[in-house]
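To start, the structure under review is shown below, and the notes come after it.
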Amino acid sequence: MNRQSRHPFEAVALVIAAAAAVFAPAAAQAQAYPSRDIHFICAFPAGSGADVLVRYFAERLRPIIKRTIVVENRSGAGGNIATEYAARAKPDGYTIYVHAGSAVAANMHLFKKPTVDAGKALQVAATINRQPFMLVVAAKSPYQSVAELTAAIKKKGKAGTYATSAPTGVIMGELYKKATGIQAVEVNYKTGSDSLNEMLSGKLDYGMMDPVYSLAQQREGRLRILGVSTGARLEASPDLPTMSELGVKMDLTGWWAAMVPARTPKPIVDQIGRWFSFAVQSEETRKFLMSFGGDPYVNSPEQGQALLLKSIKDWGEYVRLANLKPQ
Amino acid sequence: MEFAFLHNLATGFGAALSLGNLLFCLAGVLLGTLIGVLPGIGPIPTIAMLLPVTFGLPPLSSLIMLAGIYYGAQYGGSTTSILVNMPGEASSIVTTLDGHPMARQGRAGAALSTAALGSFFAGCAGTVFVAAFGPPLAGLAQEFNSPDYFALMVLGLVMAVVLAHGPVLKAIGMVLVGLLLGLVGTDVNSGLTRYTFGIDEIWDGIDFLPLVIGLFGIVEIVSNLEKREISHASITGRLDRLWPSRQDFREAWPAALRGTALGALLGILPGGGAVLASFAAYTLEKKIAKDPSRFGKGAIEGVAGPESANNAAAQSSFIPLLTLGLPSNAIMALMMGAMIIQGIQPGSAVMTKHPELFWGLVASMWLGNAMLVVINLPLIGIWVRLLSVPYRLLYPAILLFCLVGVYSTNNNIAQLVLTALFTVFGYVLLRFGCEAAPLVLGFILGPLMEENLRRSLVFSRGDPAIFVQRPISATLLAFTVILIALVAFPRFRRTREVAFQE
């Protein structure tokens, strides 16, 4: 971890800028905050991909906030346990839920009885990144484009087979089928790498996979990425066309955020928003986030909250479209 | 190929020789020796208890340490078997048969050094064995599709039943209970939850840690407390001569060779491991000896064979885990848990994605074995003195450690409730003479087996013939059928029962 190995001058300049940006507008009320340890809630177990991201921000923000940041892993129920815990925490800014806002939104519809109404119980303080899901085929398969794949799978009828992982992959697969009228059969995998052997042996025609797995396998020369699920191309992989460009309309964007309980005072929300936005805008974080296949994504708390509400609405539509049964 | 082998070992030693990893290796083997010496605590509960501690460590360091505990325990266990006729480990029970009589005859030093040197030789051979057989098996694993994995899991579970101690029926029952427990939680294919009774905490399934700490860690304490305070046996034999005589040596080395070969093979088999290997090696030595009546009265082959076998098996049992993602026994299931906690999916990808991890672990095994010889031979007096620590001082610390470990993984009180439930359940099992190890294998393998079964059937659109059409799955299933047939034969069953009684 050579996070310190940047240009010394640049680093100094950044620190000064940080001080100016972070502390100058601090209102009287926010001056007392933070006076003790801050807890980041992570919805996945220690060592998971999500945990790496949460701990990265804990590490980045510690010198800026000048307080100990404790990462609490509260895994389980697809993130619901952490969401509920964060929503019911004291609204004082000492409990910050660092998680995918898109997943919080999705869970509102994947469960019959969500324990909290996320749109009302949580307040987005800052957004962190936005990332796509990807349509992949085996590198040695003949399909060079989505159009070629669609034509071939259409011909196969019900003999076509595809892999999905995570709810986003399931939705992406359904949207693709709806848009093109193909009838491929879905096989569900827990993680992308579980599907690799069958993808390579030709049993699977294509897959809807997360960006970290897809990019790594494309680098290794095993898979080819044909399209991404976001509405617009991302900076992280500017060469990858969106599904919408290719005639399969969709805008499935995963996005991470720092969230707090809804009744947290506005100055504290703004303060947390400034901390995170500052960290997200640094060059290092940009590189870090892009290694996960996504772009840095900066929004004010108001914009972030609007995004959360929109995502909750969108996911209701997706779940209906894909005919998923809520729990 | 030759070059690749050397290159790989160089990668491994490069990773394992860092100061930090050397220290973790030392910590592991010291701890292994310690629990090996202390009766009443074995490698399974120790590794289970240490799992939470490994969260904060890099993956390689945590695996090096946990592996060190396993093979370190094989050394420590022999010390007390020989000197005080008290096996510290299940895998060194047979060592008492001839090791202790040797000590009574004043040949304690010879027995101890035979055990240590035999273990060291087996450890070195085991390291080479893992290094040589890992890559080809991992290559094979990349050809594995869902039907093949399903067949492999079936074979693994059947093996676990065949090789478990005690009646076959109980072992089958334990595997089935494990399978059922493994079904709790969200079903990957449909996304529906099963057997969760609306409890959020088990929405993702029952966690591994409360299960193993309850079943192994705390139950172990309870059963120890039930017994009366373990009496302090006096140490038999003088330790004036540490080295075996020339004749001892001549008799011991072929036995060590045979034990190593047998142990390495039995370690790979699903359901095998150190305990089985040591029993099998003792039986083998007795069978082929010119004068079997010497056994039980201080035959040095009876020490050299099993002691080499248990070490070789401890090491080779890593092969199926690291290449196929198949834990062959309860300890490997724990190692699998440790890897998953670290975000590493055990299987062929370990070697391609994390070569430093695979080869680093292999290299650390050799280093650890070298450390163990040093730790065990000159320092033997210290280990023996440890036997005088009373259990009433030991167990509260162990219990506290268990509970803190479970709670700290995700700060959820529900985990402690689960641990308590599994403790009660484990105690009931103990009382009925049911082994928990097949249960853990069923619990770990069950979800994988189900996932692959259902996936296979989606691929074949519901036609079960897919399992016999693929050569790999057909072969594995054929083995399974043969095994079941063997167990069903009364003659073989009798042999099995006799083998476990010895």
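For the structure tokens, the naming scheme is as follows: chains receive sequential letters (A, B, ...) according to their order of presentation, residues are indexed from 1 within each chain, and ligands are indexed from 1 in presentation order.
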Give me, as a PyMOL selection string, all polymer residues having an atom no more than 9 Å from Ile344 of chain B, counting only C-alpha atoms and skipping those fewer than 6 positions away in the same chain. chain B and resi 59+336+338+350+354
Compute the set of chain A residues within 10 Å of chain B, using only C-alpha atoms, and express it as a count of residues only. 51
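The closest residue to Gly173 of chain B, picked from B:Ala160, B:Ile268, B:Tyr282, B:Phe121 and counting only C-alpha atoms, is B:Ala160.
Closest approach to Pro135 of chain B among B:Leu322, B:Gly42, B:Ala110, B:Gly273: B:Leu322, based on only C-alpha atoms.
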